[in-house]
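Notes for the one structure printed next.
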Amino acid sequence: MELPLLTIVFILACFIHYGVQKLFIHYKRFDDYNYRSSHKTLATRTGGIGIFLTVFIISLYFYFQGIELFDYSLFIPLGIMFVIGVYDDLYNADFKLKFLMQIIVAKIIIDQGYLISNYYGLFGLYELPWLLAQASTLFVFLLVVNAINFIDGIDGLAISEIIKIILIIEFFSQGFTNLLTLGLITVSAILPLYYFNFKEKGKVFLGDGGSMFLGTLIMIYTLHVLGDNYEFKTTKIFNKTIFIVLVLIYPLTDLLRVFILRIAKGNSPFIADKNHLHHVIFKRVKNHKKTLLLIFFFVTIIQLSIFTYIFYV
């Protein structure tokens with residue numbers, strides 16, 4: 001992946017983010033703030049649209065040039081999840097409908113060859129029967145996609161975790177993965193969102209369109225790591241399942257914590273509230289940037305310490 005292309009992607013993303021935001025402002029499609037909101041200013045939930053359109057346009061250009069940057073068929077599940085998320089942003093879709101569509105998309109990904117068929121000895125599990133492998137993959141898909149969606153609650157948190165997850169997986173890979181180009185193009189399309197996300201006025205949020213799209217991409221990365229083609233660059237043997245859990249430790253921890261709290265209170269685990277870790281920390285520090293930095297650096301230091309000990313000590 002050449003730097004000039006990533007620069008072009010970044011510049012294109014800046015224009016698209018700006019243009020889509022202006023379009024939504026023109027039609028007065030703002031993100032309504034309520035008791036759960038961490039903002040008190042007009043904003044649009046167009047970040048995901050900007051990211052997806054940038055990745056799609058770049059991919060479309062190379063597709064018509066006959067250049068395969070990555071497996072373009074991945075746009076089928078990625079695109080469906082993106083549309084579901086945008087629909088939810090605009091019309092507040094029922095969680096049952098989203099749940100059903102996520103199951104359908106998970107099945108599409110499975111049929112494309114992305115499947116958890118081996119747990120490499122974790123809990124004594126190795127090769128799984130075909131039906132159990134599909135059920136396991138479906139469960140993990142719902143877990144990962146919704147975990148990414150759950151952490152999209154304050155400025156910059158979800159996109160920072162997405163970027164970190166992609167870079168960690170690529171860094172520990174023996175040779176770059178076949179998802180590298182898609183991952184780096186997506187990262188370049190995400191970066192301008194930091195500016196729009198942290199503006200005092202006229203903010204741009206990732207939205208469910210973005211979190212669903214990016215969550216699905218992270219799930220595809222997860223399935224690639226758990227497949228036969230991903231190998232660690234280090235000679236030390238380490239369980240792939242534990243590795244991916246450590247990579248996703250923050251969103252998975254937040255999801256598990258919130259579900260336990262909601263169920264303990266007799267509430268549905270799918271009904272939104274303000275019990276996420278970022279809400280708890282934000283109540284104390286009263287600042288988005290400080291909350292982001294506290295979470296991001298604390299989790300990253302823990303991850304790097306564990307990975308250093310496992311692979312290099």
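Each chain of the structure tokens is named A, B, ... in the order shown, its residues numbered from 1; ligands are numbered from 1 in display order.
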Q. Near Thr222 in chain A, counting only C-alpha atoms, which residues have an atom at most 10 Å away, once you skip same-chain residues fewer than 4 positions from it, shown as a PyMOL selection string?
A. chain A and resi 114-116+140-141+144+165-166+169+216-218+226-227+240-241+243-245+247-248
Write out, as an mmCIF file, in the first residue's frame, the residues just selected, with N, CA and C atoms.
```
data_model
loop_
_atom_site.group_PDB
_atom_site.id
_atom_site.type_symbol
_atom_site.label_atom_id
_atom_site.label_comp_id
_atom_site.auth_asym_id
_atom_site.auth_seq_id
_atom_site.Cartn_x
_atom_site.Cartn_y
_atom_site.Cartn_z
ATOM 1 N N TYR A 114 -15.515 -17.361 5.649
ATOM 2 C CA TYR A 114 -15.007 -16.876 6.933
ATOM 3 C C TYR A 114 -15.747 -17.613 8.044
ATOM 4 N N LEU A 115 -15.028 -18.479 8.757
ATOM 5 C CA LEU A 115 -15.683 -19.376 9.706
ATOM 6 C C LEU A 115 -14.734 -19.714 10.850
ATOM 7 N N ILE A 116 -15.282 -19.782 12.057
ATOM 8 C CA ILE A 116 -14.496 -20.230 13.204
ATOM 9 C C ILE A 116 -14.665 -21.743 13.303
ATOM 10 N N VAL A 140 -20.292 -15.204 17.746
ATOM 11 C CA VAL A 140 -19.174 -14.271 17.842
ATOM 12 C C VAL A 140 -19.442 -13.017 16.995
ATOM 13 N N PHE A 141 -20.069 -13.202 15.836
ATOM 14 C CA PHE A 141 -20.413 -12.054 14.987
ATOM 15 C C PHE A 141 -21.320 -11.086 15.748
ATOM 16 N N VAL A 144 -19.221 -9.322 18.576
ATOM 17 C CA VAL A 144 -18.223 -8.329 18.160
ATOM 18 C C VAL A 144 -18.892 -7.086 17.564
ATOM 19 N N ILE A 165 -7.206 -1.799 16.698
ATOM 20 C CA ILE A 165 -7.438 -3.225 16.449
ATOM 21 C C ILE A 165 -6.826 -3.642 15.117
ATOM 22 N N ILE A 166 -7.075 -2.849 14.070
ATOM 23 C CA ILE A 166 -6.532 -3.167 12.745
ATOM 24 C C ILE A 166 -5.006 -3.174 12.771
ATOM 25 N N ILE A 169 -3.511 -6.258 14.757
ATOM 26 C CA ILE A 169 -3.616 -7.508 14.000
ATOM 27 C C ILE A 169 -2.597 -7.546 12.867
ATOM 28 N N THR A 216 -18.465 -4.773 11.435
ATOM 29 C CA THR A 216 -18.429 -5.915 10.523
ATOM 30 C C THR A 216 -17.025 -6.124 9.971
ATOM 31 N N LEU A 217 -16.327 -5.030 9.664
ATOM 32 C CA LEU A 217 -14.943 -5.142 9.200
ATOM 33 C C LEU A 217 -14.063 -5.779 10.265
ATOM 34 N N ILE A 218 -14.237 -5.362 11.517
ATOM 35 C CA ILE A 218 -13.455 -5.946 12.615
ATOM 36 C C ILE A 218 -13.801 -7.422 12.785
ATOM 37 N N LEU A 226 -8.594 -16.081 13.214
ATOM 38 C CA LEU A 226 -8.930 -17.414 13.708
ATOM 39 C C LEU A 226 -8.899 -18.478 12.611
ATOM 40 N N GLY A 227 -8.633 -18.060 11.381
ATOM 41 C CA GLY A 227 -8.529 -19.002 10.273
ATOM 42 C C GLY A 227 -7.143 -19.589 10.126
ATOM 43 N N LYS A 240 -4.671 -18.415 19.291
ATOM 44 C CA LYS A 240 -5.265 -17.344 18.490
ATOM 45 C C LYS A 240 -6.533 -16.780 19.124
ATOM 46 N N THR A 241 -7.302 -17.641 19.745
ATOM 47 C CA THR A 241 -8.558 -17.193 20.352
ATOM 48 C C THR A 241 -8.291 -16.224 21.494
ATOM 49 N N PHE A 243 -5.607 -14.447 21.817
ATOM 50 C CA PHE A 243 -5.038 -13.249 21.196
ATOM 51 C C PHE A 243 -6.129 -12.290 20.747
ATOM 52 N N ILE A 244 -7.148 -12.791 20.037
ATOM 53 C CA ILE A 244 -8.182 -11.906 19.510
ATOM 54 C C ILE A 244 -9.049 -11.349 20.638
ATOM 55 N N VAL A 245 -9.233 -12.127 21.710
ATOM 56 C CA VAL A 245 -9.967 -11.608 22.875
ATOM 57 C C VAL A 245 -9.208 -10.446 23.498
ATOM 58 N N VAL A 247 -7.102 -8.466 21.941
ATOM 59 C CA VAL A 247 -7.172 -7.345 20.996
ATOM 60 C C VAL A 247 -8.499 -6.596 21.157
ATOM 61 N N LEU A 248 -9.567 -7.342 21.414
ATOM 62 C CA LEU A 248 -10.914 -6.758 21.522
ATOM 63 C C LEU A 248 -11.333 -6.560 22.979
#
```
**Q.** Test item, strand (DSSP E or B) assignment across range 165-295 of chain A, answer as a list in words
**A.**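 The strand (DSSP E or B) residues within range 165-295 of chain A come out as Ser173, Lys203, Val204 and Phe232 of chain A.
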Q: Would you please work out which residue, of A:Val55, A:Leu42, A:Val204, A:Ile237, is nearest to Ile185 in chain A when using only C-alpha atoms?
A: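 So, comparing all the options, the nearest one is A:Val55.
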**Q.** Pick from A:His26, A:Lys290, A:Lys203, A:His278, whichever lies nearest to Ile154 in chain A using only C-alpha atoms
**A.**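 Checking each of A:His26, A:Lys290, A:Lys203, A:His278 against Ile154 in chain A, counting only C-alpha atoms, the winner is A:His278.
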**Q.** Given only C-alpha atoms as the counted atoms, nearest of A:Gly156, A:Gly202, A:Pro77, A:Pro4 to Phe24 in chain A
**A.**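 Of all the options, A:Gly202 lies closest to Phe24 in chain A.
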Q) What is the distance, in Å and to one decimal place, between CA of Arg257 in chain A and CA of Leu304 in chain A? A)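 Distance reported for this atom pair: 22.6 Å.
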(Q) as a list in words, please: the residues near range 90-105 of chain A (cut-off 10 Å, only C-alpha atoms, same-chain neighbours under 4 positions excluded). (A) Arg29, Phe30, Asp31, Arg45, Ile76, Pro77, Leu78, Gly79, Ile80, Met81, Ile84, Gly85, Val86, Ile109, Ile110, Asp111, Leu138, Phe139, Phe141, Leu142, Val145, Asn146, Gly207, Asp208, Gly209, Met212, Thr216, Phe270 and Ile271 of chain A
Create the file for the chosen residues now, containing C-alpha atoms and written as a tab-separated table (two decimals), in the first residue's frame.
```
chain	number	residue	atom	x	y	z
A	29	ARG	CA	-31.36	15.78	9.69
A	30	PHE	CA	-29.66	16.36	13.03
A	31	ASP	CA	-28.76	13.97	15.82
A	45	ARG	CA	-24.61	11.17	12.38
A	76	ILE	CA	-21.91	-7.38	0.20
A	77	PRO	CA	-21.95	-7.96	4.00
A	78	LEU	CA	-20.23	-4.63	4.71
A	79	GLY	CA	-22.73	-2.74	2.54
A	80	ILE	CA	-25.78	-4.46	4.04
A	81	MET	CA	-24.65	-3.67	7.58
A	84	ILE	CA	-28.97	-1.20	8.28
A	85	GLY	CA	-27.02	1.24	10.42
A	86	VAL	CA	-27.97	4.30	8.34
A	109	ILE	CA	-19.91	-14.00	5.66
A	110	ILE	CA	-19.85	-17.68	6.64
A	111	ASP	CA	-20.78	-18.66	3.07
A	138	LEU	CA	-22.85	-16.45	14.33
A	139	PHE	CA	-22.59	-15.94	18.09
A	141	PHE	CA	-20.41	-12.05	14.99
A	142	LEU	CA	-23.30	-10.75	17.11
A	145	VAL	CA	-20.47	-6.13	15.99
A	146	ASN	CA	-22.63	-5.06	18.93
A	207	GLY	CA	-23.50	6.93	13.81
A	208	ASP	CA	-24.84	3.38	13.62
A	209	GLY	CA	-24.05	3.33	9.91
A	212	MET	CA	-22.14	-1.33	11.97
A	216	THR	CA	-18.43	-5.92	10.52
A	270	PHE	CA	-30.72	-4.42	24.40
A	271	ILE	CA	-32.35	-1.29	25.85
```
**Q.** Nearest candidate to Ala13 in chain A (options A:Ser160, A:Asn239, A:Ser188, A:Asn267; using only C-alpha atoms)
**A.**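 When distances to Ala13 in chain A are compared using only C-alpha atoms, the smallest one comes from A:Ser188.
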Q: Name the residues in contact with Asn275 in chain A at a cut-off of 10 Å, using only C-alpha atoms, excluding same-chain residues fewer than 5 positions from it; report them as a PyMOL selection string.
A: chain A and resi 36+254+257-259+261-262+280
(Q) With only C-alpha atoms as the counted atoms, please give the residues lying no more than 8 Å from Tyr230 in chain A, apart from itself and same-chain residues fewer than 5 positions off, as a list in words. (A)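 With the cut-off at 8 Å, the set is Ser173, Gln174, Thr177, His224 and Val225 of chain A.
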Requested write-out: N, CA and C atoms of the selected residues, as a PDB file, in the first residue's frame:
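Final output, result-v2.pdb:
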```pdb
ATOM      1  N   SER A 173       1.008 -10.015  12.451  1.00  0.00           N
ATOM      2  CA  SER A 173       0.871 -10.977  11.367  1.00  0.00           C
ATOM      3  C   SER A 173       2.227 -11.263  10.712  1.00  0.00           C
ATOM      4  N   GLN A 174       2.462 -12.532  10.396  1.00  0.00           N
ATOM      5  CA  GLN A 174       3.670 -12.898   9.656  1.00  0.00           C
ATOM      6  C   GLN A 174       3.429 -12.574   8.176  1.00  0.00           C
ATOM      7  N   THR A 177      -1.721  -9.244   6.097  1.00  0.00           N
ATOM      8  CA  THR A 177      -2.910 -10.029   5.783  1.00  0.00           C
ATOM      9  C   THR A 177      -3.474  -9.578   4.435  1.00  0.00           C
ATOM     10  N   HIS A 224     -10.508 -13.827  10.138  1.00  0.00           N
ATOM     11  CA  HIS A 224      -9.250 -14.087   9.434  1.00  0.00           C
ATOM     12  C   HIS A 224      -8.168 -14.548  10.416  1.00  0.00           C
ATOM     13  N   VAL A 225      -8.090 -13.888  11.567  1.00  0.00           N
ATOM     14  CA  VAL A 225      -7.100 -14.282  12.573  1.00  0.00           C
ATOM     15  C   VAL A 225      -7.336 -15.714  13.037  1.00  0.00           C
TER      16      VAL A 225
END
```
Q. Which residues in range 215-265 of chain A does DSSP call helix (DSSP H, G or I)? List them as a VMD selection string.
A. chain A and resid 215 to 225 240 to 247 249 to 264
Q: Go through A:Ile51, A:Ile67, A:Cys14, A:Leu180 and flag the residue nearest Tyr195 in chain A, using only C-alpha atoms for the distances.
A: A:Cys14
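In this model, the gap between CA of Tyr72 in chain A and CA of Gly50 in chain A comes to 18.7 Å.
Rounded to one decimal, CA of Ser73 in chain A and CA of Ile58 in chain A lie 14.8 Å from each other.
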Q: Go through A:Asn118, A:Ile190, A:Pro251, A:Ile295 and flag the residue nearest Gly210 in chain A, using only C-alpha atoms for the distances.
A: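 Using only C-alpha atoms, the shortest distance to Gly210 in chain A belongs to A:Ile190.
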Q.
With only C-alpha atoms as the counted atoms, please give the residues lying no more than 10 Å from Gly175 in chain A, apart from itself and same-chain residues fewer than 5 positions off, as a PyMOL selection string.
A. chain A and resi 170+230-233
